file target.cif (mmCIF, C-alpha atoms)
data_structure
loop_
_atom_site.label_atom_id
_atom_site.label_comp_id
_atom_site.auth_asym_id
_atom_site.auth_seq_id
_atom_site.Cartn_x
_atom_site.Cartn_y
_atom_site.Cartn_z
CA MET A 180 0.43 -8.44 5.23
CA ALA A 181 3.80 -9.02 6.87
CA PHE A 182 5.15 -6.47 9.37
CA GLU A 183 1.71 -5.04 10.29
CA GLY A 184 2.25 -5.71 13.98
CA LEU A 185 5.81 -4.38 13.87
CA SER A 186 4.66 -1.22 12.08
CA ASP A 187 1.97 -0.59 14.70
CA ARG A 188 4.39 -1.00 17.60
CA LEU A 189 7.02 1.23 16.01
CA GLU A 190 4.41 3.92 15.40
CA GLU A 191 3.39 3.62 19.05
CA ALA A 192 7.02 4.09 20.14
CA PHE A 193 7.51 7.19 17.98
CA LYS A 194 4.27 8.87 19.11
CA LYS A 195 5.72 9.54 22.55
CA LEU A 196 8.62 11.47 21.05
CA LYS A 197 6.57 13.79 18.85
CA SER A 198 5.71 16.28 21.59
CA LYS A 199 9.27 16.60 22.89
CA GLY A 200 11.37 19.65 22.04
CA SER A 201 14.71 17.87 22.29
CA LEU A 202 16.02 14.35 22.59
CA THR A 203 17.41 13.10 25.88
CA GLU A 204 19.19 9.84 26.56
CA GLY A 205 16.20 8.68 28.62
CA ASP A 206 13.73 9.44 25.80
CA VAL A 207 15.75 7.45 23.29
CA LYS A 208 16.31 4.48 25.59
CA GLU A 209 12.62 4.29 26.49
CA ALA A 210 11.67 4.35 22.80
CA MET A 211 14.26 1.68 22.01
CA ARG A 212 12.88 -0.61 24.72
CA THR A 213 9.54 -0.48 22.93
CA VAL A 214 11.25 -1.02 19.58
CA ARG A 215 13.16 -4.03 20.95
CA MET A 216 9.93 -5.60 22.24
CA ALA A 217 8.28 -4.94 18.88
CA LEU A 218 11.13 -6.69 17.06
CA LEU A 219 11.02 -9.70 19.40
CA GLU A 220 7.25 -10.00 18.95
CA ALA A 221 7.81 -9.92 15.18
CA ASP A 222 10.03 -13.04 15.46
CA VAL A 223 13.34 -11.18 15.14
CA SER A 224 16.07 -13.06 17.03
CA TYR A 225 17.08 -11.62 20.40
CA LYS A 226 20.69 -10.94 19.38
CA VAL A 227 19.63 -9.15 16.16
CA ALA A 228 17.04 -7.08 18.04
CA LYS A 229 19.55 -6.15 20.74
CA ASP A 230 22.29 -5.20 18.27
CA PHE A 231 19.80 -3.17 16.24
CA THR A 232 18.48 -1.10 19.15
CA ASN A 233 22.01 -0.57 20.49
CA ALA A 234 23.10 0.80 17.11
CA VAL A 235 20.10 3.15 16.91
CA THR A 236 20.60 4.33 20.50
CA GLU A 237 24.27 5.08 19.89
CA LYS A 238 23.45 7.21 16.83
CA ALA A 239 20.42 8.93 18.36
CA ILE A 240 21.89 9.96 21.70
CA GLY A 241 23.63 13.29 21.33
CA ALA A 242 22.56 13.71 17.72
CA LYS A 243 21.61 17.25 16.83
CA VAL A 244 18.09 17.64 15.54
CA MET A 245 18.23 18.99 11.99
CA GLU A 246 16.35 22.22 11.45
CA SER A 247 13.55 20.70 9.39
CA LEU A 248 13.07 17.64 11.59
CA THR A 249 11.32 17.06 14.88
CA PRO A 250 13.00 14.76 17.42
CA ALA A 251 10.63 11.92 16.46
CA GLN A 252 11.53 12.36 12.80
CA MET A 253 15.22 12.22 13.66
CA VAL A 254 14.78 8.90 15.46
CA ILE A 255 12.63 7.56 12.60
CA LYS A 256 15.33 8.60 10.13
CA ILE A 257 17.97 6.72 12.12
CA VAL A 258 15.69 3.67 12.52
CA ASN A 259 15.01 3.73 8.78
CA GLU A 260 18.73 3.78 7.99
CA GLU A 261 19.47 0.95 10.44
CA LEU A 262 16.53 -1.17 9.20
CA THR A 263 17.80 -0.77 5.65
CA ALA A 264 21.32 -1.77 6.70
CA LEU A 265 19.97 -4.72 8.71
CA MET A 266 18.19 -6.11 5.64
CA GLY A 267 21.20 -5.75 3.36
CA GLY A 268 21.48 -2.08 2.47
CA THR A 269 21.00 -2.39 -1.28
CA GLU A 270 19.29 -4.68 -3.78
CA ALA A 271 21.23 -7.90 -4.47
CA ARG A 272 20.98 -8.95 -8.11
CA LEU A 273 20.88 -12.47 -9.48
CA ALA A 274 24.21 -13.62 -10.89
CA TYR A 275 24.79 -13.71 -14.65
CA ALA A 276 27.60 -15.87 -16.04
CA SER A 277 29.93 -14.47 -18.70
CA HIS A 278 29.65 -17.84 -20.45
CA PRO A 279 26.01 -19.04 -20.29
CA PRO A 280 24.16 -20.82 -18.97
CA THR A 281 24.05 -19.24 -15.53
CA ILE A 282 23.42 -22.19 -13.21
CA VAL A 283 21.12 -21.45 -10.27
CA MET A 284 20.70 -24.20 -7.69
CA MET A 285 17.45 -23.95 -5.73
CA CYS A 286 17.37 -25.64 -2.32
CA GLY A 287 15.21 -25.66 0.78
CA LEU A 288 13.02 -27.79 3.01
CA GLN A 289 9.95 -29.54 1.66
CA GLY A 290 6.88 -27.31 1.65
CA ALA A 291 8.76 -24.00 1.60
CA GLY A 292 7.69 -23.29 -1.99
CA LYS A 293 10.95 -24.20 -3.71
CA THR A 294 9.44 -25.68 -6.89
CA THR A 295 6.91 -22.88 -7.44
CA HIS A 296 9.48 -20.15 -6.81
CA CYS A 297 11.94 -21.84 -9.11
CA ALA A 298 9.29 -21.32 -11.81
CA LYS A 299 8.46 -17.79 -10.64
CA ILE A 300 12.06 -16.60 -10.97
CA ALA A 301 12.40 -18.33 -14.35
CA TYR A 302 9.16 -16.69 -15.50
CA ARG A 303 10.42 -13.27 -14.39
CA LEU A 304 13.62 -13.75 -16.39
CA LYS A 305 11.67 -14.91 -19.43
CA GLN A 306 9.66 -11.68 -19.33
CA GLN A 307 12.96 -9.79 -19.36
CA GLY A 308 14.03 -11.51 -22.57
CA HIS A 309 16.11 -14.39 -21.18
CA ARG A 310 15.84 -18.08 -22.14
CA PRO A 311 15.54 -20.03 -18.87
CA LEU A 312 15.41 -23.81 -18.47
CA MET A 313 14.39 -25.77 -15.36
CA ALA A 314 15.78 -29.16 -14.36
CA ALA A 315 13.74 -31.62 -12.26
CA CYS A 316 16.18 -33.11 -9.73
CA ASP A 317 13.67 -33.95 -7.00
CA ILE A 318 13.16 -37.67 -7.62
CA TYR A 319 11.81 -38.49 -4.15
CA ARG A 320 8.68 -36.44 -3.53
CA PRO A 321 5.66 -37.97 -5.27
CA ALA A 322 4.67 -36.02 -8.41
CA ALA A 323 7.46 -33.47 -7.88
CA ILE A 324 8.61 -33.83 -11.50
CA LYS A 325 5.03 -33.58 -12.78
CA GLN A 326 4.43 -30.47 -10.65
CA LEU A 327 7.45 -28.73 -12.15
CA GLN A 328 6.33 -29.69 -15.67
CA VAL A 329 2.79 -28.36 -15.09
CA ILE A 330 4.06 -25.07 -13.66
CA GLY A 331 6.68 -24.82 -16.39
CA GLU A 332 4.02 -25.24 -19.07
CA ALA A 333 1.87 -22.58 -17.39
CA VAL A 334 4.69 -19.99 -17.45
CA GLY A 335 6.15 -21.09 -20.78
CA VAL A 336 9.48 -22.34 -19.40
CA PRO A 337 10.71 -25.80 -20.55
CA VAL A 338 11.66 -28.52 -18.07
CA PHE A 339 14.54 -31.00 -18.42
CA GLU A 340 13.88 -34.33 -16.72
CA MET A 341 15.26 -37.87 -16.71
CA GLY A 342 12.70 -39.55 -14.47
CA THR A 343 14.17 -41.11 -11.32
CA GLU A 344 17.78 -41.14 -12.51
CA ASN A 345 20.43 -40.07 -9.99
CA PRO A 346 19.95 -36.31 -9.25
CA VAL A 347 23.66 -35.60 -9.78
CA THR A 348 23.47 -37.19 -13.23
CA ILE A 349 20.30 -35.26 -14.07
CA ALA A 350 21.93 -31.96 -13.07
CA LYS A 351 25.05 -32.74 -15.10
CA GLU A 352 23.03 -33.67 -18.22
CA ALA A 353 20.81 -30.61 -17.77
CA VAL A 354 23.87 -28.35 -17.94
CA ARG A 355 25.01 -30.05 -21.15
CA TYR A 356 21.50 -29.77 -22.63
CA ALA A 357 21.24 -26.07 -21.71
CA LYS A 358 24.56 -25.33 -23.41
CA ASP A 359 23.60 -27.26 -26.55
CA LYS A 360 20.19 -25.55 -26.86
CA GLY A 361 21.36 -22.03 -26.05
CA TYR A 362 19.55 -21.45 -22.75
CA ASP A 363 21.12 -18.64 -20.73
CA TYR A 364 19.73 -19.66 -17.30
CA LEU A 365 19.38 -23.13 -15.78
CA PHE A 366 17.40 -23.56 -12.57
CA ILE A 367 18.06 -26.84 -10.76
CA ASP A 368 15.08 -27.80 -8.58
CA THR A 369 16.63 -30.02 -5.91
CA ALA A 370 14.96 -32.33 -3.42
CA GLY A 371 13.76 -31.14 -0.04
CA ARG A 372 13.08 -32.85 3.27
CA LEU A 373 10.71 -32.21 6.14
CA HIS A 374 13.81 -31.57 8.23
CA ILE A 375 17.55 -31.15 7.70
CA ASP A 376 19.43 -34.46 7.51
CA GLU A 377 22.84 -35.67 6.41
CA GLN A 378 21.50 -37.53 3.35
CA LEU A 379 19.87 -34.37 1.99
CA MET A 380 22.94 -32.23 2.54
CA GLN A 381 25.29 -34.77 1.01
CA GLU A 382 23.21 -34.96 -2.17
CA LEU A 383 23.17 -31.16 -2.44
CA LYS A 384 26.94 -31.05 -1.89
CA ASN A 385 27.40 -33.64 -4.65
CA ILE A 386 25.29 -31.63 -7.11
CA LYS A 387 27.19 -28.47 -6.21
CA ALA A 388 30.56 -30.21 -6.74
CA GLU A 389 29.46 -31.62 -10.12
CA VAL A 390 27.82 -28.58 -11.79
CA LYS A 391 29.53 -25.73 -9.88
CA PRO A 392 26.49 -23.40 -9.75
CA HIS A 393 26.98 -19.65 -10.12
CA GLU A 394 24.24 -19.06 -7.57
CA ILE A 395 22.76 -21.13 -4.73
CA LEU A 396 19.40 -19.78 -3.56
CA LEU A 397 17.75 -21.02 -0.38
CA VAL A 398 13.95 -20.85 -0.36
CA VAL A 399 12.61 -20.17 3.14
CA ASP A 400 9.00 -20.04 4.34
CA ALA A 401 8.60 -16.73 6.21
CA MET A 402 5.60 -18.17 8.10
CA THR A 403 7.92 -20.46 10.10
CA GLY A 404 9.33 -17.53 12.06
CA GLN A 405 12.54 -18.16 14.00
CA ASP A 406 12.86 -21.67 12.56
CA ALA A 407 13.37 -20.06 9.13
CA VAL A 408 16.50 -18.40 10.46
CA ASN A 409 17.79 -21.70 11.89
CA VAL A 410 17.19 -23.40 8.53
CA ALA A 411 19.02 -20.60 6.70
CA ALA A 412 21.99 -20.84 9.05
CA SER A 413 22.22 -24.65 8.62
CA PHE A 414 22.05 -24.57 4.82
CA ASN A 415 24.55 -21.74 4.67
CA GLU A 416 27.00 -23.61 6.87
CA ALA A 417 26.72 -26.78 4.75
CA LEU A 418 26.51 -25.32 1.24
CA GLY A 419 27.60 -21.71 1.35
CA ILE A 420 24.42 -20.19 -0.08
CA ASP A 421 24.50 -16.97 -2.12
CA GLY A 422 21.06 -15.61 -1.34
CA LEU A 423 17.61 -16.16 0.13
CA VAL A 424 14.12 -16.33 -1.33
CA LEU A 425 11.44 -15.60 1.28
CA THR A 426 8.01 -17.04 0.50
CA LYS A 427 4.54 -16.22 1.87
CA LEU A 428 5.46 -12.68 2.79
CA ASP A 429 1.92 -11.71 1.79
CA GLY A 430 0.39 -13.92 4.49
CA ASP A 431 -0.20 -13.43 8.19
CA THR A 432 3.49 -13.59 8.97
CA ARG A 433 5.20 -11.34 11.49
CA GLY A 434 8.11 -10.87 9.12
CA GLY A 435 10.95 -11.26 11.59
CA ALA A 436 12.64 -13.84 9.38
CA ALA A 437 13.32 -11.12 6.80
CA LEU A 438 15.10 -9.04 9.41
CA SER A 439 17.01 -11.90 11.05
CA ALA A 440 17.99 -14.09 8.09
CA ARG A 441 20.28 -11.50 6.51
CA ALA A 442 21.96 -10.70 9.83
CA VAL A 443 22.45 -14.34 10.85
CA THR A 444 23.69 -15.69 7.50
CA GLY A 445 25.32 -12.59 6.06
CA LYS A 446 23.57 -13.47 2.78
CA PRO A 447 21.14 -11.12 1.02
CA ILE A 448 17.44 -11.67 0.46
CA LYS A 449 17.11 -11.58 -3.34
CA PHE A 450 13.43 -12.29 -3.92
CA VAL A 451 10.19 -12.38 -1.91
CA GLY A 452 7.05 -14.29 -2.79
CA VAL A 453 3.92 -12.16 -2.34
CA GLY A 454 1.17 -14.36 -3.77
CA GLU A 455 0.28 -17.53 -5.60
CA LYS A 456 0.32 -16.31 -9.21
CA PRO A 457 3.45 -16.67 -11.42
CA GLY A 458 3.99 -12.91 -11.38
CA ASP A 459 3.66 -12.61 -7.58
CA LEU A 460 7.39 -12.31 -7.01
CA ASP A 461 9.25 -9.12 -6.06
CA VAL A 462 12.92 -8.26 -6.07
CA PHE A 463 13.80 -7.49 -2.46
CA HIS A 464 14.74 -3.84 -1.90
CA PRO A 465 15.87 -3.29 1.73
CA ASP A 466 15.32 0.49 1.59
CA ARG A 467 11.79 0.13 0.21
CA MET A 468 10.87 -2.54 2.76
CA ALA A 469 12.16 -0.33 5.58
CA SER A 470 9.99 2.52 4.31
CA ARG A 471 6.92 0.28 4.23
CA ILE A 472 7.58 -1.02 7.74
CA LEU A 473 7.73 2.57 8.98
CA GLY A 474 4.50 3.48 7.12
CA MET A 475 6.26 5.70 4.58
CA GLY A 476 4.88 3.88 1.54
CA ASP A 477 6.74 2.46 -1.43
CA MET A 478 6.06 4.55 -4.53
CA LEU A 479 8.96 3.11 -6.54
CA SER A 480 7.60 -0.43 -6.28
CA LEU A 481 4.10 0.79 -7.16
CA ILE A 482 5.43 2.58 -10.25
CA GLU A 483 7.41 -0.49 -11.33
CA LYS A 484 4.36 -2.71 -10.81
CA ALA A 485 2.25 -0.31 -12.91
CA GLU A 486 4.85 -0.19 -15.69
CA GLN A 487 4.88 -3.99 -15.90
CA ALA A 488 1.13 -4.53 -15.64
CA LEU A 489 -0.53 -1.61 -17.38
CA ASP A 490 -0.92 -1.25 -21.13
CA GLU A 491 0.91 1.90 -22.27
CA LYS A 492 -1.06 2.11 -25.51
CA LYS A 493 -4.37 2.00 -23.61
CA ALA A 494 -3.10 4.72 -21.26
CA GLU A 495 -2.28 6.97 -24.24
CA GLU A 496 -5.70 6.33 -25.78
CA LEU A 497 -7.36 7.18 -22.47
CA GLU A 498 -5.35 10.38 -22.16
CA GLU A 499 -6.54 11.43 -25.63
CA LYS A 500 -10.18 10.70 -24.72
CA LEU A 501 -9.87 12.63 -21.47
CA ARG A 502 -8.42 15.57 -23.36
CA LYS A 503 -11.38 15.55 -25.76
CA ASN A 504 -13.95 14.97 -22.99
CA LYS A 505 -14.96 11.65 -24.55
CA PHE A 506 -14.46 9.40 -21.52
CA ASP A 507 -17.36 6.91 -21.36
CA LEU A 508 -18.36 3.77 -19.46
CA ASN A 509 -16.44 1.57 -21.89
CA ASP A 510 -13.29 3.41 -20.83
CA LEU A 511 -14.17 3.03 -17.15
CA LEU A 512 -14.62 -0.73 -17.64
CA SER A 513 -11.28 -0.95 -19.42
CA GLN A 514 -9.52 0.96 -16.62
CA MET A 515 -10.97 -1.30 -13.93
CA GLN A 516 -9.66 -4.34 -15.79
CA GLU A 517 -6.21 -2.70 -15.96
CA MET A 518 -6.24 -1.89 -12.25
CA ARG A 519 -6.99 -5.52 -11.37
CA LYS A 520 -3.52 -6.39 -12.70
CA LEU A 521 -1.91 -4.35 -9.90
CA GLY A 522 -3.45 -6.45 -7.12
CA SER A 523 -5.90 -5.56 -4.38
CA MET A 524 -6.77 -1.94 -3.60
CA LYS A 525 -5.48 -2.40 -0.06
CA ASP A 526 -2.07 -3.47 -1.39
CA ILE A 527 -1.96 -0.51 -3.77
CA LEU A 528 -2.97 1.99 -1.06
CA SER A 529 -0.41 0.54 1.37
CA MET A 530 2.35 1.66 -1.01
CA LEU A 531 1.25 5.30 -0.96
CA PRO A 532 3.23 7.66 1.32
CA GLY A 533 1.22 8.92 4.27
CA ILE A 534 -1.18 5.99 4.09
CA GLY A 535 1.06 2.98 4.63
CA ASN A 536 -0.34 0.72 7.32
CA LYS A 537 -3.15 3.09 8.30
CA ILE A 538 -5.52 1.56 5.75
CA LYS A 539 -5.46 -1.97 7.17
CA ASP A 540 -8.66 -1.31 9.16
CA ALA A 541 -10.26 0.94 6.54
CA ASP A 542 -13.58 -0.14 5.06
CA ILE A 543 -12.36 -0.92 1.56
CA ASP A 544 -14.89 -2.88 -0.46
CA GLU A 545 -12.70 -5.06 -2.69
CA SER A 546 -15.85 -6.44 -4.37
CA ALA A 547 -16.96 -2.97 -5.51
CA LEU A 548 -14.99 -3.23 -8.76
CA GLY A 549 -16.75 -6.49 -9.59
CA LYS A 550 -20.18 -5.01 -8.87
CA THR A 551 -19.45 -1.93 -10.97
CA GLU A 552 -18.16 -4.13 -13.78
CA ALA A 553 -21.32 -6.27 -13.64
CA ILE A 554 -23.56 -3.20 -13.97
CA ILE A 555 -21.62 -1.85 -16.94
CA ARG A 556 -21.62 -5.25 -18.66
CA SER A 557 -25.43 -5.35 -18.34
CA MET A 558 -25.64 -2.25 -20.52
CA THR A 559 -25.76 -2.22 -24.30
CA PRO A 560 -22.77 -0.78 -26.21
CA LYS A 561 -24.91 2.24 -27.03
CA GLU A 562 -25.73 2.83 -23.35
CA ARG A 563 -22.10 2.56 -22.32
CA ALA A 564 -21.08 5.10 -24.95
CA ASN A 565 -23.90 7.50 -24.04
CA PRO A 566 -25.15 6.99 -20.43
CA ASP A 567 -27.53 9.96 -20.79
CA ILE A 568 -29.99 7.77 -22.75
CA ILE A 569 -30.46 5.42 -19.79
CA ASN A 570 -34.05 6.07 -18.68
CA PRO A 571 -36.00 4.37 -15.82
CA SER A 572 -37.03 1.35 -17.92
CA ARG A 573 -33.45 0.82 -19.08
CA LYS A 574 -32.25 1.08 -15.47
CA ARG A 575 -34.69 -1.66 -14.41
CA ARG A 576 -33.46 -3.90 -17.23
CA ILE A 577 -29.78 -3.26 -16.36
CA ALA A 578 -30.40 -3.95 -12.65
CA ALA A 579 -32.24 -7.19 -13.41
CA GLY A 580 -29.46 -8.26 -15.79
CA CYS A 581 -26.72 -7.98 -13.16
CA GLY A 582 -28.78 -9.08 -10.15
CA MET A 583 -28.68 -5.71 -8.39
CA GLN A 584 -31.05 -2.90 -7.48
CA VAL A 585 -31.98 0.16 -9.52
CA GLU A 586 -30.45 2.21 -6.70
CA ASP A 587 -27.07 0.62 -7.47
CA VAL A 588 -27.37 1.62 -11.13
CA ASN A 589 -28.37 5.17 -10.14
CA ARG A 590 -25.40 5.42 -7.78
CA LEU A 591 -22.95 4.35 -10.49
CA LEU A 592 -24.38 6.77 -13.04
CA SER A 593 -24.28 9.62 -10.52
CA GLN A 594 -20.66 8.90 -9.61
CA PHE A 595 -19.73 8.61 -13.27
CA LYS A 596 -21.21 12.06 -13.99
CA GLN A 597 -19.14 13.48 -11.14
CA MET A 598 -16.03 11.90 -12.66
CA GLN A 599 -16.82 13.39 -16.08
CA LYS A 600 -17.29 16.80 -14.48
CA MET A 601 -13.95 16.50 -12.67
CA PHE A 602 -12.15 15.46 -15.87
CA LYS A 603 -13.73 18.38 -17.73
CA GLN A 604 -12.47 20.82 -15.10
CA MET A 605 -8.99 19.30 -15.23
CA ASN A 606 -9.05 19.58 -19.02
CA SER A 607 -9.42 23.33 -18.83
CA LYS A 608 -6.51 25.59 -19.78
CA GLY A 609 -3.64 25.38 -17.28
CA ASN A 610 -4.49 21.85 -16.13
CA ARG A 611 -2.98 19.79 -18.97
CA LYS A 612 -0.16 18.46 -16.78
CA LYS A 613 -2.70 17.09 -14.31
CA MET A 614 -4.55 15.43 -17.19
CA ARG A 615 -1.38 13.71 -18.30
CA ARG A 616 -0.88 12.30 -14.82
CA MET A 617 -4.43 10.93 -14.86
CA GLY A 618 -3.81 8.86 -18.02
CA GLY A 619 -4.00 5.20 -17.01
CA MET A 620 -5.71 5.75 -13.67
CA GLY A 621 -9.34 6.52 -14.49
CA GLY A 622 -11.70 6.43 -11.52
CA PHE A 623 -13.23 3.76 -9.37
CA PRO A 624 -16.64 4.47 -7.86
CA GLY A 625 -17.62 2.95 -4.54
CA MET A 626 -14.23 1.63 -3.41
CA MET A 627 -14.11 3.32 0.00
#
call {"tool": "encode", "arguments": {"input": "target.cif", "output": "structure tokens"}}
result
Amino acid sequence: MAFEGLSDRLEEAFKKLKSKGSLTEGDVKEAMRTVRMALLEADVSYKVAKDFTNAVTEKAIGAKVMESLTPAQMVIKIVNEELTALMGGTEARLAYASHPPTIVMMCGLQGAGKTTHCAKIAYRLKQQGHRPLMAACDIYRPAAIKQLQVIGEAVGVPVFEMGTENPVTIAKEAVRYAKDKGYDYLFIDTAGRLHIDEQLMQELKNIKAEVKPHEILLVVDAMTGQDAVNVAASFNEALGIDGLVLTKLDGDTRGGAALSARAVTGKPIKFVGVGEKPGDLDVFHPDRMASRILGMGDMLSLIEKAEQALDEKKAEELEEKLRKNKFDLNDLLSQMQEMRKLGSMKDILSMLPGIGNKIKDADIDESALGKTEAIIRSMTPKERANPDIINPSRKRRIAAGCGMQVEDVNRLLSQFKQMQKMFKQMNSKGNRKKMRRMGGMGGFPGMM
């Protein structure tokens, strides 16, 4: 994940302060030298890194340590505040026109993920009850129009296209079509290049002049490091962009582009791509990202992800079964399928306070859910409902059916009994509130 290296170096810088009784100017400056190096290694531009550490130093030197905080915690608090401010301070929302459609012009270099993220944002809006439309204005890249149509069909968002007609004409007709058909958002997927050139910029300027978009979003590949910042600055100078979309933030990127782009362009990061699926798009929250970089977790994002992905009705049914001590292997299977919607276990754990980046080297067996699911699916409905009837011969049949050993079946059954015992204890008088919190989480044997 992005920022892992930065998080490690920041943690290293703060460790040296933890044993100190008070902050001195020397302590702060030494820590900030380490922080500055960490930022530079994470692809943050030199000027941004220097301004950042100067701002932290100025606030930290002479600051009185609050009663409940250690000196290290005081510095972390200041760094957290400055990181949040550096990345924009608050969430920047997508524009919404008082007279629809809201026209959003998507631009960026070829290969940055412009077409796919055009569809991702449209898909997100569709889930929120909007009626988005996409317009195919990239007439140069082979199969660009077809790609947008295929993705649009996959996410259920229609695509307006006129073949290889002039892009300005296509954009103009798309606006008229959106108005006539009652679409409230129009995403214009413009052409990209392998590099910035005058022809590309002129075409984008012409489209902007013709349709007067309410929002111009620049899609930037976070994997390109410092070059992403240069691209953002060039597009902003030529077009006057309104916001950034950072892609591939889930990959092995150092993340510095996220910290530099906002400072260099003065434009907010509005969305970040965190995967390949249509739903792998997050609204960018500067405060939450700062907390994750500092290993403080991100519970709000985890809760929002759970609310979107998990079935509330199933959670209520599970809560009722837990209350009546009727939780069986069918319920465990259902809960594992629900948890898959949230992403990998490592991603989920990284959002928990106190765990943060510490789990990156933990031995988390991501395949354990699949193995457990295979064992349960090898059982008959009767065996899932009443695991106590599973005798040695049944265990051999179940193991053979899923391609595993009898020991694996025994381990699952043993862990499941422990879960049932725990739920029974929690269901005792005085523990009902805990039971309610468990609804929708279940248990997952063998993950760690």
call {"tool": "residues_around", "arguments": {"input": "target.cif", "residues": "range 402-416 of chain A", "least_positions_apart": "3", "cutoff": "10 Å", "atoms": "only C-alpha atoms", "output": "NGL selection string"}}
result
:A and (181 or 221-224 or 286-288 or 291 or 374-375 or 380 or 383 or 395-399 or 419-423 or 425-446)
call {"tool": "atom_distance", "arguments": {"input": "target.cif", "atom1": "CA of Gly331 in chain A", "atom2": "CA of Ala298 in chain A"}}
result
6.3 Å
call {"tool": "atom_distance", "arguments": {"input": "target.cif", "atom1": "CA of Val338 in chain A", "atom2": "CA of Ala301 in chain A"}}
result
10.9 Å
call {"tool": "resolve_selection", "arguments": {"input": "target.cif", "expression": "the PyMOL selection byres ((chain A and resi 506-514) around 7)", "output": "VMD selection string"}}
result
chain A and resid 500 to 501 504 to 505 515 to 518 552 555 563 to 564 619 to 621
call {"tool": "closest_residue", "arguments": {"input": "target.cif", "among": "A:Tyr364, A:Val283, A:Thr269, A:Thr203", "to": "Gly308 in chain A", "atoms": "only C-alpha atoms"}}
result
A:Tyr364
call {"tool": "residues_around", "arguments": {"input": "target.cif", "residues": "Ala333 in chain A", "least_positions_apart": "3", "cutoff": "10 Å", "atoms": "only C-alpha atoms", "output": "PyMOL selection string"}}
result
chain A and resi 298+302+327-330+336-337+457
call {"tool": "resolve_selection", "arguments": {"input": "target.cif", "expression": "the PyMOL selection byres ((chain A and resi 578) around 12)", "output": "list in words"}}
result
Lys550, Thr551, Ala553, Ile554, Ile555, Arg556, Ser557, Met558, Ile569, Pro571, Ser572, Arg573, Lys574, Arg575, Arg576, Ile577, Ala579, Gly580, Cys581, Gly582, Met583, Gln584, Val585, Glu586, Asp587, Val588, Asn589, Arg590 and Leu591 of chain A
call {"tool": "build_atoms", "arguments": {"input": "target.cif", "residues": "range 275-279 of chain A", "atoms": "all heavy atoms", "output": "PDB file, keeping the file's coordinate frame"}}
result
ATOM      1  N   TYR A 275      24.880 -13.439 -13.216  1.00  0.00           N
ATOM      2  CA  TYR A 275      24.790 -13.710 -14.650  1.00  0.00           C
ATOM      3  C   TYR A 275      26.174 -14.105 -15.144  1.00  0.00           C
ATOM      4  O   TYR A 275      27.120 -13.326 -15.056  1.00  0.00           O
ATOM      5  CB  TYR A 275      24.272 -12.496 -15.425  1.00  0.00           C
ATOM      6  CG  TYR A 275      24.014 -12.807 -16.886  1.00  0.00           C
ATOM      7  CD1 TYR A 275      22.906 -13.554 -17.256  1.00  0.00           C
ATOM      8  CD2 TYR A 275      24.892 -12.380 -17.874  1.00  0.00           C
ATOM      9  CE1 TYR A 275      22.660 -13.866 -18.588  1.00  0.00           C
ATOM     10  CE2 TYR A 275      24.662 -12.685 -19.211  1.00  0.00           C
ATOM     11  CZ  TYR A 275      23.548 -13.428 -19.562  1.00  0.00           C
ATOM     12  OH  TYR A 275      23.316 -13.750 -20.879  1.00  0.00           O
ATOM     13  N   ALA A 276      26.302 -15.330 -15.638  1.00  0.00           N
ATOM     14  CA  ALA A 276      27.600 -15.870 -16.040  1.00  0.00           C
ATOM     15  C   ALA A 276      28.069 -15.245 -17.351  1.00  0.00           C
ATOM     16  O   ALA A 276      27.276 -14.984 -18.254  1.00  0.00           O
ATOM     17  CB  ALA A 276      27.512 -17.379 -16.194  1.00  0.00           C
ATOM     18  N   SER A 277      29.372 -15.014 -17.460  1.00  0.00           N
ATOM     19  CA  SER A 277      29.930 -14.470 -18.700  1.00  0.00           C
ATOM     20  C   SER A 277      29.841 -15.491 -19.833  1.00  0.00           C
ATOM     21  O   SER A 277      29.796 -15.132 -21.000  1.00  0.00           O
ATOM     22  CB  SER A 277      31.392 -14.057 -18.473  1.00  0.00           C
ATOM     23  OG  SER A 277      32.151 -15.150 -17.956  1.00  0.00           O
ATOM     24  N   HIS A 278      29.814 -16.765 -19.460  1.00  0.00           N
ATOM     25  CA  HIS A 278      29.650 -17.840 -20.450  1.00  0.00           C
ATOM     26  C   HIS A 278      28.413 -18.658 -20.047  1.00  0.00           C
ATOM     27  O   HIS A 278      28.500 -19.542 -19.196  1.00  0.00           O
ATOM     28  CB  HIS A 278      30.886 -18.742 -20.497  1.00  0.00           C
ATOM     29  CG  HIS A 278      32.135 -18.018 -20.883  1.00  0.00           C
ATOM     30  ND1 HIS A 278      32.373 -17.570 -22.163  1.00  0.00           N
ATOM     31  CD2 HIS A 278      33.218 -17.639 -20.145  1.00  0.00           C
ATOM     32  CE1 HIS A 278      33.543 -16.961 -22.208  1.00  0.00           C
ATOM     33  NE2 HIS A 278      34.075 -16.983 -20.989  1.00  0.00           N
ATOM     34  N   PRO A 279      27.250 -18.349 -20.656  1.00  0.00           N
ATOM     35  CA  PRO A 279      26.010 -19.040 -20.290  1.00  0.00           C
ATOM     36  C   PRO A 279      26.108 -20.549 -20.512  1.00  0.00           C
ATOM     37  O   PRO A 279      26.951 -21.004 -21.294  1.00  0.00           O
ATOM     38  CB  PRO A 279      24.977 -18.411 -21.247  1.00  0.00           C
ATOM     39  CG  PRO A 279      25.576 -17.090 -21.624  1.00  0.00           C
ATOM     40  CD  PRO A 279      27.056 -17.336 -21.686  1.00  0.00           C
TER      41      PRO A 279
END
